[in-house]
Every structure is written in C-alpha cells, then in structure tokens.
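Novice: Dropping the structure in here first, questions after.
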Amino acid sequence: MAETLVYKRPESLLKDGHFTFCPGCGHGVVLKIIAELIDEFNLQKDTIAISSVGCSIFLEKFFNLDVAGASHGRSPCVATGVKRCKPDKFVFTYQGDGDAATIGFNETIHTACRGEHISMIMINNTNFGMTGGQASATTLVGQVTTTTPKGRKAELTGYPLHAAEIVAKCDGTAYCARVAITDSKNIRQAKAAIKKAFEAQLNGLGFGFVEVLAACPTNWHMTPVESVKHIEEVTEKIHCLGVFKDVTVQEKV
C-alpha cells in the first residue's frame with residue numbers, strides 16, 4: 001500500500017535548526033506558518049527577512065532564508081532600505097511588541113504612513129520577552145512585570161497601546177489584523193491573516209501588518225496551559241481580535 005504524505009517540514013525552515021524559544025511561547029507556531037506561506041508562494045529564493053533585538057534575534061538560525069539584522073526597534077527602517085534597493089524581493093520583519101510597539105513604534109507608524117511595500121509580523125506577548133520581562137507599551141493595566149512589580153498603573157504609565165488599530169488608520173496600510181494562536185481555529189485564522197499581509201506586498205497594494213497575541217509563560221510565571229487561558233480570558237478582552245483594514249475587500253465592494 002502506497003504511503004500518503006500528510007505533512008512535511010517547510011523548506012523555508014532549517015532542516016537541522018532547533019528553536020531556542022521558551023516552551024509554550026508560540027513563536028515556533030508563527031515561524032512555521034510564515035515558512036509554509038513562503039513555500040506556498042514559492043518565495044524562498046526571493047525573500048529577505050529582517051530580525052531585530054528580542055526573541056527574533058536568532059532568526060537566521062531558524063529560517064532557510066536570507067536574513068538581515070537590525071538594531072532594537074529599527075527593523076522597518078532596514079526593511080524599507082532593502083525593499084527600495086531590491087524591489088523585486090519579498091521583504092518582511094518579525095518583531096515583538098517591545099521592539100515594534102515600544103522602542104520602535106515611531107518607525108512602525110511612519111513605515112505604515114509611507115505605505116512601504118513590506119510585511120510586518122508583530123508578536124504581542126505584552127512585555128519585553130527576551131530582555132528580562134520589562135513592561136512594554138502593550139502591557140495590560142495591573143500586569144506584573146519586572147518594571148511594574150506591583151502591576152501597571154494607568155495613572156503612572158498610561159494605558160496599553162493598541163498597535164493594530166493605530167496602524168490601520170494610516171493611509172499607506174493595505175492590510176491590518178490582530179490574531180491569536182491559542183487553538184487550531186485561531187492558528188488557521190492567523191495563517192489566513194499573514195497570507196493577506198503577504199499578498200498586500202506581492203500585489204503592490206502597500207503595507208501589511210499582523211499583530212499576533214502569543215504567550216510568554218516564563219515572564220508571566222505561568223504554565224503554557226495557564227498562559228493560553230490567560231490570553232483567551234484576559235488579553236483578548238483588551239487587545240481584541242479582528243481585521244481592522246483590508247484594502248482588497250474594499251476594492252471589491
């Protein structure tokens with residue numbers, strides 16, 4: 001009886017690479033989604049990924065792609081330069097909320113306003129995951145971090161920044177969504193959203209942005225199971241899931 005192939009490792013992921021992420025964080029799931037889409041679009045030889053300081057810093061160890069590094073928060077700048085110099089290449093950034101929504105949010109917004117033809121994936125685990133668990137712009141009110149040991153206080157440091165909603169308001173943004181990877185249904189929806197962000201670039205429509213709610217069990221001091229439950233019961237009530245802008249749909253109306 002002939003064997004039927006039901007799953008294989010994406011070619012865009014390194015064969016012998018090992019993820020260095022903490023168990024249960026979700027980065028591995030998102031990287032697999034990205035690699036699958038790059039394979040599906042047959043973009044492996046034409047892709048340049050941009051990593052930054054944070055959990056994405058070792059991106060070249062995971063992807064079988066060309067990868068360029070950027071300083072903290074500056075991935076959109078590097079990606080802009082790469083895309084403008086090599087407009088035939090597919091360029092995306094992979095960043096955390098500390099990187100893309102805190103230190104580098106100015107870069108994120110201006111890249112969106114300019115309508116740069118790049119795609120940005122922002123993993124939002126509501127803290128600086130790799131650098132010690134400090135509070136970020138997306139940290140929830142009351143959330144305990146290393147820099148808010150008694151919980152974030154709105155009267156002292158303000159309220160969480162809603163990155164996707166703000167990026168969606170920029171005229172140059174072609175696609176913008178917030179997704180989660182808490183279960184198989186949400187993972188499928190996350191892949192569909194990232195695919196849309198990639199298509200926005202491939203079809204010359206403008207900037208594509210996807211914010212992904214993911215767990216940080218280590219800095220949240222939770223088990224992976226508790227972390228998923230926390231996203232579903234707490235985080236999603238503040239950082240609501242949804243598609244905030246889709247130019248392709250608007251054009252069809």
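By convention here, the chains of the structure tokens are called A, B, ... in the order presented, each chain's residues are numbered starting at 1, and ligands are numbered starting at 1 in the order presented.
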Env of Phe244 (chain A): 6 Å cut, atoms = only C-alpha atoms, seq-sep filter 2 positions within chain, self excluded. Answer as a list of chain:residue names.

Specialist: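 Those residues are A:Ala168, A:Cys176, A:Ala177.
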
Novice: I'd like the contact shell of Lys191 (chain A) - 8 Å cut-off, only C-alpha atoms, skipping same-chain residues fewer than 3 positions apart - returned as a PyMOL selection string.

Specialist: chain A and resi 33-34+187-188+194-195

Novice: Do you know which residues are at most 8 Å from Phe92 (chain A) counting only C-alpha atoms, after dropping those on the same chain fewer than 3 positions away, and could you put them as a count of residues only?

Specialist: 9

Novice: What parts of region 3-83 of chain A does DSSP call strand (DSSP E or B)? I'd like the answer as a list of chain:residue names.

Specialist: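 The residues of region 3-83 of chain A classed as strand (DSSP E or B) are A:Leu13, A:Thr47, A:Ile48, A:Ala49, A:Ile50, A:Ser51, A:Phe63, A:Asp66, A:Val67, A:Ala68, A:Gly69.
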
Novice: Just the residues within 8 Å of Phe128 (chain A), please, counting only C-alpha atoms, with nothing from its chain fewer than 6 positions along; format it as a PDB file with N, CA and C atoms, in the first residue's frame.

Specialist:
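That gives us around.pdb:
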```pdb
ATOM      1  N   GLY A  54      15.616  41.024  20.521  1.00  0.00           N
ATOM      2  CA  GLY A  54      14.446  40.399  21.121  1.00  0.00           C
ATOM      3  C   GLY A  54      14.415  38.927  20.775  1.00  0.00           C
ATOM      4  N   GLY A  96       8.808  41.717  18.137  1.00  0.00           N
ATOM      5  CA  GLY A  96       7.965  41.630  19.312  1.00  0.00           C
ATOM      6  C   GLY A  96       7.327  42.970  19.608  1.00  0.00           C
ATOM      7  N   ASP A  97       6.444  43.004  20.609  1.00  0.00           N
ATOM      8  CA  ASP A  97       5.768  44.261  20.949  1.00  0.00           C
ATOM      9  C   ASP A  97       6.730  45.248  21.605  1.00  0.00           C
ATOM     10  N   GLY A  98       7.727  44.752  22.345  1.00  0.00           N
ATOM     11  CA  GLY A  98       8.726  45.661  22.907  1.00  0.00           C
ATOM     12  C   GLY A  98       9.519  46.342  21.815  1.00  0.00           C
ATOM     13  N   ASP A  99       9.743  45.626  20.731  1.00  0.00           N
ATOM     14  CA  ASP A  99      10.522  46.123  19.606  1.00  0.00           C
ATOM     15  C   ASP A  99       9.677  47.005  18.687  1.00  0.00           C
ATOM     16  N   GLN A 134      10.422  43.180  31.038  1.00  0.00           N
ATOM     17  CA  GLN A 134      10.011  44.532  31.403  1.00  0.00           C
ATOM     18  C   GLN A 134       8.665  44.873  30.760  1.00  0.00           C
ATOM     19  N   ALA A 135       8.017  45.889  31.291  1.00  0.00           N
ATOM     20  CA  ALA A 135       6.759  46.359  30.717  1.00  0.00           C
ATOM     21  C   ALA A 135       7.000  46.964  29.344  1.00  0.00           C
ATOM     22  N   SER A 136       6.049  46.748  28.441  1.00  0.00           N
ATOM     23  CA  SER A 136       6.097  47.347  27.110  1.00  0.00           C
ATOM     24  C   SER A 136       4.887  48.247  26.945  1.00  0.00           C
TER      25      SER A 136
END
```

Novice: For Asp16 (chain A), which of A:His162, A:Glu40, A:Phe62, A:Tyr175 is the closest residue, counting only C-alpha atoms?

Specialist: A:Phe62

Novice: Taking only C-alpha atoms into account, name the residue in A:Gly104, A:Gly206, A:Pro149, A:Gly142 that is nearest to Met122 (chain A).

Specialist: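 Using only C-alpha atoms, Met122 (chain A) sits closest to A:Gly104.
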
Novice: Tell me which of A:Val82, A:Cys55, A:Ile238, A:Val247 sits closest to Cys216 (chain A), counting only C-alpha atoms.

Specialist: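 Once distances to Cys216 (chain A) are computed over only C-alpha atoms, the minimum belongs to A:Cys55.
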
Novice: Could you give me, as a PyMOL selection string, the residues within 12 Å of Glu165 (chain A), counting only C-alpha atoms and dropping anything in the same chain fewer than 3 positions from it?

Specialist: chain A and resi 101+109+160-162+168-170+173+175-178+209-211+238-245

Novice: Could you give me, as a compact mmCIF listing (two decimals) with C-alpha atoms, in the first residue's frame, the residues within 10 Å of Gly151 (chain A), counting only C-alpha atoms and dropping anything in the same chain fewer than 6 positions from it?

Specialist:
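What landed in around08.txt:
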```txt
# COMPACT_ATOMS: atom_id res chain seq x y z
CA ALA A 135 6.76 46.36 30.72
CA THR A 139 1.35 45.72 28.85
CA LEU A 140 -2.08 45.42 30.45
CA VAL A 141 -3.19 47.58 33.37
CA GLY A 142 -2.45 45.62 36.51
CA GLN A 143 0.05 43.32 34.80
CA VAL A 144 3.09 42.48 36.89
CA THR A 145 6.43 42.84 35.08
```

Novice: Work out how far CA of Val167 (chain A) is from CA of Ala112 (chain A), in Å to one decimal.

Specialist: 6.5 Å
